[in-house]
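Undergrad: Shown below is the structure under consideration.
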Amino acid sequence: MATPSWEGQRSMNPNKALWEKGDFTRIAASMRESGEALVAGLGITAGMKVLDLGCGDGTTALPAARLGADVLGVDIASNLVEAGNRRAQAEGLKNCRFQEGDATNLSDLTDQRFDLVVSIFGAMFAPKPFDVAREMVRVTRPGGRIVMGNWIPNDPTLVAQILKISSAYSPPPPEGFVSPMTWGIEGNVIERFAAAGIPAEKIAFSRDTYTFRSPGTPSAFVADFRNYYGPTMNAFAAAEQNGKAADLQKELEVLFERQNRSETGDATSIPATFLRVTVGP
Ligand SMILES: C[S@@+](CC[C@H](N)C(=O)[O-])C[C@H]1O[C@@H](n2cnc3c(N)ncnc32)[C@H](O)[C@@H]1O
């Protein structure tokens with residue numbers, strides 16, 4: 001049998017395919033304010049070497065670069081890497097660049113290279129969480145910090161609920177699949193970093209909030225997820241096969257309407273809780 005080409009093997013990586021699907025930049029646009037606020041609280045100073053892992057199109061990478069950090073964004077999705085480089089270029093941010101890479105194996109990056117590794121709803125979506133923890137620790141300099149933002153399983157707020165509803169319409173995951181949401185459980189985080197040589201005392205946890213803001217109605221925002229967000233697109237594809245797409249649409253609309261805090265009828269503002277993990281000195 002002919003060996004598949006390297007390109008062919010790459011395109012078969014379901015993790016990469018999921019995030020290259022659709023256009024995550026359409027969702028990221030609703031997360032910019034919270035991304036900036038989070039970065040503003042990270043104590044970033046000029047010249048600091050920052051890795052944004054699972055950076056998407058730079059919701060946190062660009063604000064870090066605006067503060068003068070030397071930022072590398074790494075993401076598995078080539079379309080998001082391109083979008084990030086375009087955004088950095090448009091702002092004239094020469095200290096911010098994006099490249100393709102996999103959080104489970106950052107072989108392009110030398111040991112102890114970064115003062116700060118940030119991964120906001122990014123590395124949590126990579127498979128092999130123990131490899132991810134090891135790689136994040138390896139590329140962080142001694143005395144440096146890792147900051148992760150992770151969605152929390154069964155949390156009543158937006159993203160955990162979208163993923164929960166979506167999974168009810170999707171086929172069961174393959175055997176051995178580790179849910180990304182386990183990064184939102186403190187015990188799992190401690191175990192993964194312990195295996196990478198980090199004692200529990202060096203890990204701090206807190207609850208924080210990201211607010212999704214969209215100029216349209218909650219139902220228009222649901223449409224953005226349906227049309228552009230890989231995990232929701234896959235859930236709709238599966239639901240369509242079972243004649244359940246209308247049910248999925250309805251459940252998501254009810255969720256988004258219920259969680260909308262916007263005062264004006266035609267806009268959407270939805271807060272979502274996440275687990276903030278800080279690994280550091
Ligand atoms: C929910 S998005 C968040 C993006 C960005 N951090 C933000 O806040 O907008 C998840 C990101 O993780 C990236 N990702 C998923 N698996 C990855 C992996 N194995 N290695 C690197 N990036 C990955 C996706 O391509 C996507 O950009």
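All residue names refer to the structure tokens as shown: chains lettered A, B, ... in order, residues numbered from 1 in each chain, ligands numbered from 1 in order.
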Residues at most 6 Å from Ile76 in chain A, counting only C-alpha atoms, excluding those fewer than 4 positions away in the same chain, as a list in words?
TA: Lys16, Glu100, Gly101 and Asp102 of chain A
Undergrad: Taking 4 positions as the minimum chain separation for residues in the same chain, which residues sit within 10 Å of range 227-238 of chain A when counting only C-alpha atoms? Answer as a tab-separated table (two decimals) with N, CA, C and O atoms, in the first residue's frame.
TA:
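Output below, filename result32.tsv:
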```tsv
chain	number	residue	atom	x	y	z
A	17	ALA	N	-8.21	19.62	11.69
A	17	ALA	CA	-9.36	19.78	10.79
A	17	ALA	C	-10.51	20.50	11.48
A	17	ALA	O	-11.18	21.35	10.89
A	18	LEU	N	-10.72	20.17	12.76
A	18	LEU	CA	-11.83	20.77	13.52
A	18	LEU	C	-11.70	22.29	13.58
A	18	LEU	O	-12.66	23.03	13.40
A	19	TRP	N	-10.45	22.76	13.82
A	19	TRP	CA	-10.27	24.21	14.02
A	19	TRP	C	-10.04	24.96	12.73
A	19	TRP	O	-10.17	26.18	12.69
A	20	GLU	N	-9.68	24.24	11.66
A	20	GLU	CA	-9.57	24.91	10.36
A	20	GLU	C	-10.93	25.02	9.69
A	20	GLU	O	-11.10	25.73	8.69
A	21	LYS	N	-11.87	24.29	10.25
A	21	LYS	CA	-13.23	24.31	9.70
A	21	LYS	C	-13.87	25.67	9.98
A	21	LYS	O	-13.61	26.28	11.00
A	22	GLY	N	-14.73	26.10	9.10
A	22	GLY	CA	-15.43	27.35	9.36
A	22	GLY	C	-14.48	28.52	9.43
A	22	GLY	O	-13.51	28.58	8.67
A	23	ASP	N	-14.71	29.40	10.36
A	23	ASP	CA	-13.86	30.58	10.50
A	23	ASP	C	-13.96	31.08	11.93
A	23	ASP	O	-14.85	31.89	12.25
A	24	PHE	N	-13.03	30.59	12.78
A	24	PHE	CA	-13.11	30.96	14.19
A	24	PHE	C	-12.95	32.46	14.41
A	24	PHE	O	-13.40	33.01	15.43
A	25	THR	N	-12.37	33.16	13.43
A	25	THR	CA	-12.19	34.62	13.62
A	25	THR	C	-13.54	35.30	13.84
A	25	THR	O	-13.62	36.33	14.49
A	26	ARG	N	-14.61	34.70	13.30
A	26	ARG	CA	-15.95	35.30	13.44
A	26	ARG	C	-16.45	35.23	14.89
A	26	ARG	O	-17.26	36.03	15.32
A	27	ILE	N	-16.00	34.21	15.61
A	27	ILE	CA	-16.35	34.10	17.03
A	27	ILE	C	-15.38	34.94	17.86
A	27	ILE	O	-15.77	35.65	18.79
A	28	ALA	N	-14.09	34.87	17.48
A	28	ALA	CA	-13.06	35.62	18.21
A	28	ALA	C	-13.39	37.11	18.27
A	28	ALA	O	-13.08	37.78	19.25
A	162	ILE	N	-22.83	25.22	25.58
A	162	ILE	CA	-22.82	24.97	24.12
A	162	ILE	C	-22.21	23.60	23.86
A	162	ILE	O	-22.74	22.79	23.10
A	163	LEU	N	-21.07	23.34	24.51
A	163	LEU	CA	-20.37	22.07	24.26
A	163	LEU	C	-21.18	20.88	24.78
A	163	LEU	O	-21.24	19.84	24.14
A	165	ILE	N	-24.57	20.78	25.12
A	165	ILE	CA	-25.73	20.58	24.23
A	165	ILE	C	-25.26	19.94	22.92
A	165	ILE	O	-25.85	18.97	22.43
A	166	SER	N	-24.15	20.47	22.37
A	166	SER	CA	-23.65	19.96	21.09
A	166	SER	C	-23.31	18.48	21.19
A	166	SER	O	-23.58	17.71	20.26
A	167	SER	N	-22.70	18.09	22.32
A	167	SER	CA	-22.25	16.69	22.42
A	167	SER	C	-23.44	15.74	22.45
A	167	SER	O	-23.34	14.59	22.00
A	168	ALA	N	-24.58	16.22	22.94
A	168	ALA	CA	-25.78	15.36	22.98
A	168	ALA	C	-26.29	15.04	21.57
A	168	ALA	O	-27.02	14.07	21.38
A	169	TYR	N	-25.91	15.85	20.58
A	169	TYR	CA	-26.36	15.63	19.20
A	169	TYR	C	-25.27	14.95	18.35
A	169	TYR	O	-25.48	14.69	17.18
A	170	SER	N	-24.08	14.75	18.96
A	170	SER	CA	-22.94	14.24	18.19
A	170	SER	C	-22.70	12.77	18.49
A	170	SER	O	-23.08	12.29	19.57
A	171	PRO	N	-22.05	12.05	17.57
A	171	PRO	CA	-21.73	10.66	17.87
A	171	PRO	C	-20.75	10.58	19.05
A	171	PRO	O	-20.02	11.56	19.28
A	221	PHE	N	-26.23	35.48	16.82
A	221	PHE	CA	-24.97	34.97	17.39
A	221	PHE	C	-24.95	33.44	17.33
A	221	PHE	O	-23.91	32.83	17.05
A	222	VAL	N	-26.10	32.81	17.56
A	222	VAL	CA	-26.20	31.35	17.39
A	222	VAL	C	-25.82	30.99	15.94
A	222	VAL	O	-25.08	30.04	15.69
A	223	ALA	N	-26.32	31.79	15.00
A	223	ALA	CA	-26.03	31.52	13.58
A	223	ALA	C	-24.52	31.60	13.33
A	223	ALA	O	-23.98	30.81	12.54
A	242	ASN	N	-29.61	13.13	11.58
A	242	ASN	CA	-30.66	12.47	12.37
A	242	ASN	C	-31.97	13.26	12.34
A	242	ASN	O	-32.86	12.99	13.15
A	243	GLY	N	-32.04	14.27	11.46
A	243	GLY	CA	-33.25	15.09	11.39
A	243	GLY	C	-33.48	15.92	12.65
A	243	GLY	O	-34.61	16.27	12.98
A	244	LYS	N	-32.38	16.25	13.38
A	244	LYS	CA	-32.55	16.95	14.67
A	244	LYS	C	-31.97	18.37	14.67
A	244	LYS	O	-31.81	18.97	15.74
A	245	ALA	N	-31.64	18.88	13.50
A	245	ALA	CA	-30.97	20.18	13.46
A	245	ALA	C	-31.85	21.28	14.06
A	245	ALA	O	-31.35	22.17	14.76
A	246	ALA	N	-33.17	21.20	13.81
A	246	ALA	CA	-34.06	22.24	14.33
A	246	ALA	C	-34.09	22.20	15.86
A	246	ALA	O	-34.15	23.24	16.52
A	247	ASP	N	-34.01	20.99	16.45
A	247	ASP	CA	-33.99	20.87	17.91
A	247	ASP	C	-32.72	21.50	18.49
A	247	ASP	O	-32.76	22.21	19.49
A	248	LEU	N	-31.60	21.21	17.82
A	248	LEU	CA	-30.33	21.77	18.29
A	248	LEU	C	-30.36	23.30	18.20
A	248	LEU	O	-29.97	24.00	19.14
A	249	GLN	N	-30.87	23.80	17.08
A	249	GLN	CA	-30.99	25.25	16.89
A	249	GLN	C	-31.82	25.86	18.02
A	249	GLN	O	-31.44	26.86	18.63
```
Undergrad: Set the cut-off to 7 Å, count only C-alpha atoms and all ligand atoms, and list whatever residues fall near ligand 1 as a PyMOL selection string.
TA: chain A and resi 15-16+19-20+28+31+35+53-60+74-77+80+101-104+119-123+125-127
Undergrad: Contacts of range 253-256 of chain A at 12 Å or less, counting only C-alpha atoms, minus same-chain residues fewer than 5 places along, as a PDB file with C-alpha atoms, in the first residue's frame?
TA:
```pdb
ATOM      1  CA  PRO A 156     -23.985  26.647  33.815  1.00  0.00           C
ATOM      2  CA  THR A 157     -22.531  29.455  31.653  1.00  0.00           C
ATOM      3  CA  LEU A 158     -22.290  29.764  27.877  1.00  0.00           C
ATOM      4  CA  VAL A 159     -19.407  27.747  26.477  1.00  0.00           C
ATOM      5  CA  ALA A 160     -19.709  24.713  28.754  1.00  0.00           C
ATOM      6  CA  GLN A 161     -23.405  24.625  27.896  1.00  0.00           C
ATOM      7  CA  ILE A 162     -22.818  24.974  24.122  1.00  0.00           C
ATOM      8  CA  LEU A 163     -20.373  22.073  24.255  1.00  0.00           C
ATOM      9  CA  LYS A 164     -22.695  20.026  26.455  1.00  0.00           C
ATOM     10  CA  ILE A 165     -25.728  20.584  24.228  1.00  0.00           C
ATOM     11  CA  SER A 166     -23.654  19.957  21.088  1.00  0.00           C
ATOM     12  CA  PHE A 212     -18.892  37.507  24.574  1.00  0.00           C
ATOM     13  CA  ARG A 213     -20.154  40.651  22.852  1.00  0.00           C
ATOM     14  CA  SER A 214     -21.867  40.609  19.512  1.00  0.00           C
ATOM     15  CA  GLY A 216     -26.568  41.360  16.643  1.00  0.00           C
ATOM     16  CA  THR A 217     -29.330  39.457  18.407  1.00  0.00           C
ATOM     17  CA  PRO A 218     -28.684  36.260  20.393  1.00  0.00           C
ATOM     18  CA  SER A 219     -30.208  34.305  17.531  1.00  0.00           C
ATOM     19  CA  ALA A 220     -27.800  35.926  15.024  1.00  0.00           C
ATOM     20  CA  PHE A 221     -24.969  34.974  17.394  1.00  0.00           C
ATOM     21  CA  VAL A 222     -26.198  31.348  17.388  1.00  0.00           C
ATOM     22  CA  ALA A 223     -26.028  31.521  13.582  1.00  0.00           C
ATOM     23  CA  ASP A 224     -22.368  32.597  13.844  1.00  0.00           C
ATOM     24  CA  PHE A 225     -21.618  29.468  15.887  1.00  0.00           C
ATOM     25  CA  ARG A 226     -23.602  27.291  13.491  1.00  0.00           C
ATOM     26  CA  ALA A 246     -34.064  22.239  14.333  1.00  0.00           C
ATOM     27  CA  ASP A 247     -33.994  20.873  17.914  1.00  0.00           C
ATOM     28  CA  LEU A 248     -30.325  21.766  18.285  1.00  0.00           C
ATOM     29  CA  ARG A 261     -27.307  40.418  29.587  1.00  0.00           C
ATOM     30  CA  SER A 262     -27.459  43.146  26.965  1.00  0.00           C
ATOM     31  CA  ALA A 267     -27.255  43.242  20.831  1.00  0.00           C
ATOM     32  CA  THR A 268     -25.775  40.298  22.701  1.00  0.00           C
ATOM     33  CA  SER A 269     -23.560  40.285  25.768  1.00  0.00           C
ATOM     34  CA  ILE A 270     -23.036  36.935  27.477  1.00  0.00           C
ATOM     35  CA  PRO A 271     -20.640  36.358  30.402  1.00  0.00           C
ATOM     36  CA  ALA A 272     -18.998  32.955  30.698  1.00  0.00           C
TER      37      ALA A 272
END
```
Undergrad: Quick one: residues within 12 Å of Lys128 in chain A, only C-alpha atoms, excluding same-chain residues fewer than 4 positions away - as number ranges by chain?
TA: A: 15, 102-105, 123-124, 132-135, 176-180, 182-183, 192
Undergrad: Could the residues in this selection be saved with C-alpha atoms as a tab-separated table (two decimals), in the first residue's frame?
TA:
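Written output follows (result03.tsv):
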```tsv
chain	number	residue	atom	x	y	z
A	15	ASN	CA	-7.79	18.18	15.87
A	102	ASP	CA	0.89	21.67	17.79
A	103	ALA	CA	0.69	22.13	21.55
A	104	THR	CA	1.35	18.42	22.03
A	105	ASN	CA	4.76	18.74	20.38
A	123	ALA	CA	-4.08	24.30	24.66
A	124	MET	CA	-7.11	22.80	26.41
A	132	VAL	CA	0.71	19.58	26.43
A	133	ALA	CA	1.59	20.26	30.09
A	134	ARG	CA	5.12	18.93	29.53
A	135	GLU	CA	5.64	21.12	26.47
A	176	GLY	CA	-9.49	6.92	24.57
A	177	PHE	CA	-10.65	10.47	23.80
A	178	VAL	CA	-9.91	12.82	26.70
A	179	SER	CA	-12.42	15.65	26.91
A	180	PRO	CA	-10.85	19.12	26.62
A	182	THR	CA	-11.06	18.07	31.90
A	183	TRP	CA	-8.61	21.01	31.82
A	192	ARG	CA	-0.80	16.92	34.46
```
Undergrad: Within range 110-189 of chain A, find each residue whose DSSP state, derived from the backbone, is strand (DSSP E), and express the selection as a list in words.
TA: Phe114, Asp115, Leu116, Val117, Val118, Ser119, Ile120, Thr140, Arg141, Pro142, Gly143, Gly144, Arg145, Ile146, Val147, Met148, Gly149, Asn150 and Trp151 of chain A
Undergrad: What does the file look like for those residues with all heavy atoms, as a compact mmCIF listing (two decimals), in the first residue's frame?
TA:
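Contents of the output file again-v2.txt:
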```txt
# COMPACT_ATOMS: atom_id res chain seq x y z
N PHE A 114 10.63 31.16 26.98
CA PHE A 114 9.63 32.21 27.23
C PHE A 114 9.55 32.59 28.72
O PHE A 114 9.66 31.74 29.60
CB PHE A 114 8.25 31.75 26.76
CG PHE A 114 8.20 31.49 25.27
CD1 PHE A 114 8.34 30.21 24.76
CD2 PHE A 114 8.06 32.55 24.38
CE1 PHE A 114 8.33 29.98 23.40
CE2 PHE A 114 8.06 32.33 23.01
CZ PHE A 114 8.19 31.04 22.52
N ASP A 115 9.29 33.90 28.93
CA ASP A 115 9.04 34.37 30.30
C ASP A 115 7.60 34.03 30.71
O ASP A 115 7.31 33.83 31.88
CB ASP A 115 9.19 35.90 30.36
CG ASP A 115 10.57 36.34 29.94
OD1 ASP A 115 11.54 35.90 30.58
OD2 ASP A 115 10.68 37.11 28.95
N LEU A 116 6.72 34.02 29.70
CA LEU A 116 5.30 33.81 29.98
C LEU A 116 4.68 33.00 28.86
O LEU A 116 4.85 33.33 27.68
CB LEU A 116 4.61 35.19 30.07
CG LEU A 116 3.10 35.23 30.19
CD1 LEU A 116 2.64 34.59 31.50
CD2 LEU A 116 2.60 36.68 30.13
N VAL A 117 3.99 31.92 29.24
CA VAL A 117 3.22 31.15 28.26
C VAL A 117 1.75 31.35 28.60
O VAL A 117 1.33 31.08 29.73
CB VAL A 117 3.59 29.65 28.29
CG1 VAL A 117 2.67 28.84 27.39
CG2 VAL A 117 5.05 29.45 27.87
N VAL A 118 1.00 31.88 27.63
CA VAL A 118 -0.43 32.13 27.84
C VAL A 118 -1.20 31.18 26.94
O VAL A 118 -0.84 30.98 25.77
CB VAL A 118 -0.78 33.58 27.40
CG1 VAL A 118 -2.25 33.88 27.66
CG2 VAL A 118 0.08 34.59 28.11
N SER A 119 -2.26 30.59 27.47
CA SER A 119 -3.10 29.77 26.60
C SER A 119 -4.55 29.89 27.07
O SER A 119 -4.97 29.27 28.05
CB SER A 119 -2.64 28.31 26.62
OG SER A 119 -3.34 27.62 25.59
N ILE A 120 -5.28 30.74 26.36
CA ILE A 120 -6.66 31.04 26.77
C ILE A 120 -7.61 30.25 25.86
O ILE A 120 -7.74 30.57 24.67
CB ILE A 120 -6.92 32.57 26.69
CG1 ILE A 120 -5.86 33.32 27.52
CG2 ILE A 120 -8.33 32.90 27.16
CD1 ILE A 120 -5.78 32.91 28.99
N THR A 140 9.00 27.17 29.05
CA THR A 140 8.97 28.30 30.00
C THR A 140 10.29 28.36 30.75
O THR A 140 10.78 27.33 31.23
CB THR A 140 7.81 28.10 31.01
OG1 THR A 140 6.60 27.89 30.28
CG2 THR A 140 7.64 29.32 31.91
N ARG A 141 10.85 29.56 30.90
CA ARG A 141 12.15 29.65 31.61
C ARG A 141 11.93 29.43 33.11
O ARG A 141 10.83 29.69 33.62
CB ARG A 141 12.81 31.00 31.35
CG ARG A 141 12.15 32.15 32.06
CD ARG A 141 13.08 33.35 32.18
NE ARG A 141 12.35 34.52 32.61
CZ ARG A 141 12.02 34.79 33.87
NH1 ARG A 141 12.32 33.94 34.85
NH2 ARG A 141 11.37 35.90 34.18
N PRO A 142 12.98 28.96 33.82
CA PRO A 142 12.85 28.83 35.27
C PRO A 142 12.47 30.20 35.85
O PRO A 142 13.04 31.21 35.45
CB PRO A 142 14.26 28.41 35.72
CG PRO A 142 14.91 27.85 34.49
CD PRO A 142 14.31 28.57 33.32
N GLY A 143 11.49 30.24 36.71
CA GLY A 143 11.03 31.51 37.26
C GLY A 143 9.97 32.17 36.40
O GLY A 143 9.42 33.21 36.76
N GLY A 144 9.68 31.59 35.25
CA GLY A 144 8.64 32.14 34.37
C GLY A 144 7.26 31.67 34.81
O GLY A 144 7.11 30.98 35.82
N ARG A 145 6.26 32.05 34.00
CA ARG A 145 4.86 31.74 34.37
C ARG A 145 4.10 31.13 33.21
O ARG A 145 4.36 31.44 32.05
CB ARG A 145 4.13 33.07 34.68
CG ARG A 145 3.83 33.31 36.13
CD ARG A 145 3.10 34.64 36.29
NE ARG A 145 3.67 35.72 35.50
CZ ARG A 145 2.96 36.74 35.01
NH1 ARG A 145 1.66 36.81 35.18
NH2 ARG A 145 3.56 37.69 34.31
N ILE A 146 3.13 30.30 33.56
CA ILE A 146 2.17 29.79 32.58
C ILE A 146 0.79 30.24 33.05
O ILE A 146 0.45 30.07 34.23
CB ILE A 146 2.21 28.25 32.50
CG1 ILE A 146 3.61 27.76 32.11
CG2 ILE A 146 1.15 27.71 31.54
CD1 ILE A 146 3.81 26.25 32.27
N VAL A 147 0.00 30.82 32.15
CA VAL A 147 -1.37 31.20 32.50
C VAL A 147 -2.32 30.54 31.49
O VAL A 147 -2.20 30.76 30.29
CB VAL A 147 -1.56 32.74 32.48
CG1 VAL A 147 -3.02 33.10 32.77
CG2 VAL A 147 -0.64 33.41 33.49
N MET A 148 -3.21 29.73 32.03
CA MET A 148 -4.20 29.08 31.16
C MET A 148 -5.60 29.56 31.51
O MET A 148 -5.91 29.80 32.69
CB MET A 148 -4.22 27.56 31.36
CG MET A 148 -3.01 26.81 30.88
SD MET A 148 -3.26 25.01 31.12
CE MET A 148 -4.03 24.55 29.57
N GLY A 149 -6.46 29.66 30.51
CA GLY A 149 -7.89 29.87 30.73
C GLY A 149 -8.58 28.64 30.19
O GLY A 149 -8.39 28.27 29.03
N ASN A 150 -9.36 27.97 31.04
CA ASN A 150 -9.97 26.70 30.65
C ASN A 150 -11.46 26.72 30.98
O ASN A 150 -11.84 27.08 32.10
CB ASN A 150 -9.31 25.54 31.41
CG ASN A 150 -7.81 25.42 31.13
OD1 ASN A 150 -7.34 25.80 30.06
ND2 ASN A 150 -7.07 24.90 32.08
N TRP A 151 -12.27 26.31 30.04
CA TRP A 151 -13.71 26.18 30.32
C TRP A 151 -13.92 25.05 31.30
O TRP A 151 -13.12 24.10 31.36
CB TRP A 151 -14.50 25.95 29.03
CG TRP A 151 -14.36 27.07 28.04
CD1 TRP A 151 -13.87 26.97 26.77
CD2 TRP A 151 -14.71 28.45 28.22
NE1 TRP A 151 -13.90 28.21 26.16
CE2 TRP A 151 -14.40 29.13 27.02
CE3 TRP A 151 -15.26 29.19 29.27
CZ2 TRP A 151 -14.61 30.50 26.85
CZ3 TRP A 151 -15.47 30.56 29.11
CH2 TRP A 151 -15.15 31.19 27.92
```
Undergrad: Would you please extract all helix (DSSP H, G or I) residues from range 98-248 of chain A, as assigned by DSSP on the backbone, and give them as a ChimeraX atom specification?
TA: /A:123-125,129-139,158-169,180-184,186-195,200-202,218-228,230-241,245-248
Undergrad: Write out as a list in words the residues lying within 12 Å of Gly187 in chain A, counting only C-alpha atoms and excluding same-chain residues fewer than 4 positions away.
TA: Thr182, Trp183, Glu191, Arg192, Phe193, Ala194, Ala200, Ile203, Ala204, Phe205 and Val277 of chain A
Undergrad: Compile the contact shell of Arg207 in chain A as a list in words: residues with an atom at most 6 Å away, counting only C-alpha atoms, same-chain residues fewer than 2 positions apart removed.
TA: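 The contact residues come out as Phe274, Leu275 and Arg276 of chain A.
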Undergrad: I'd like the interatomic distance between CA of Asp108 in chain A and CA of Asn188 in chain A, to a tenth of an Å.
TA: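 Interatomic distance here is 26.9 Å.
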Undergrad: Just the number, please: distance in Å from CA of Ala83 in chain A to CA of Phe130 in chain A, one decimal.
TA: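 Calculated distance between CA of Ala83 in chain A and CA of Phe130 in chain A is 28.8 Å.
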Undergrad: Between A:Ala65, A:Ser78, A:Asn154, A:Leu109, single out the one closest to Gly92 in chain A, counting only C-alpha atoms.
TA: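 Closest to Gly92 in chain A, using only C-alpha atoms: A:Ala65.
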Undergrad: Restricting the calculation to only C-alpha atoms, which member of A:Asp266, A:Met136, A:Asp111, A:Gly47 is positioned closest to Cys96 in chain A?
TA: A:Gly47
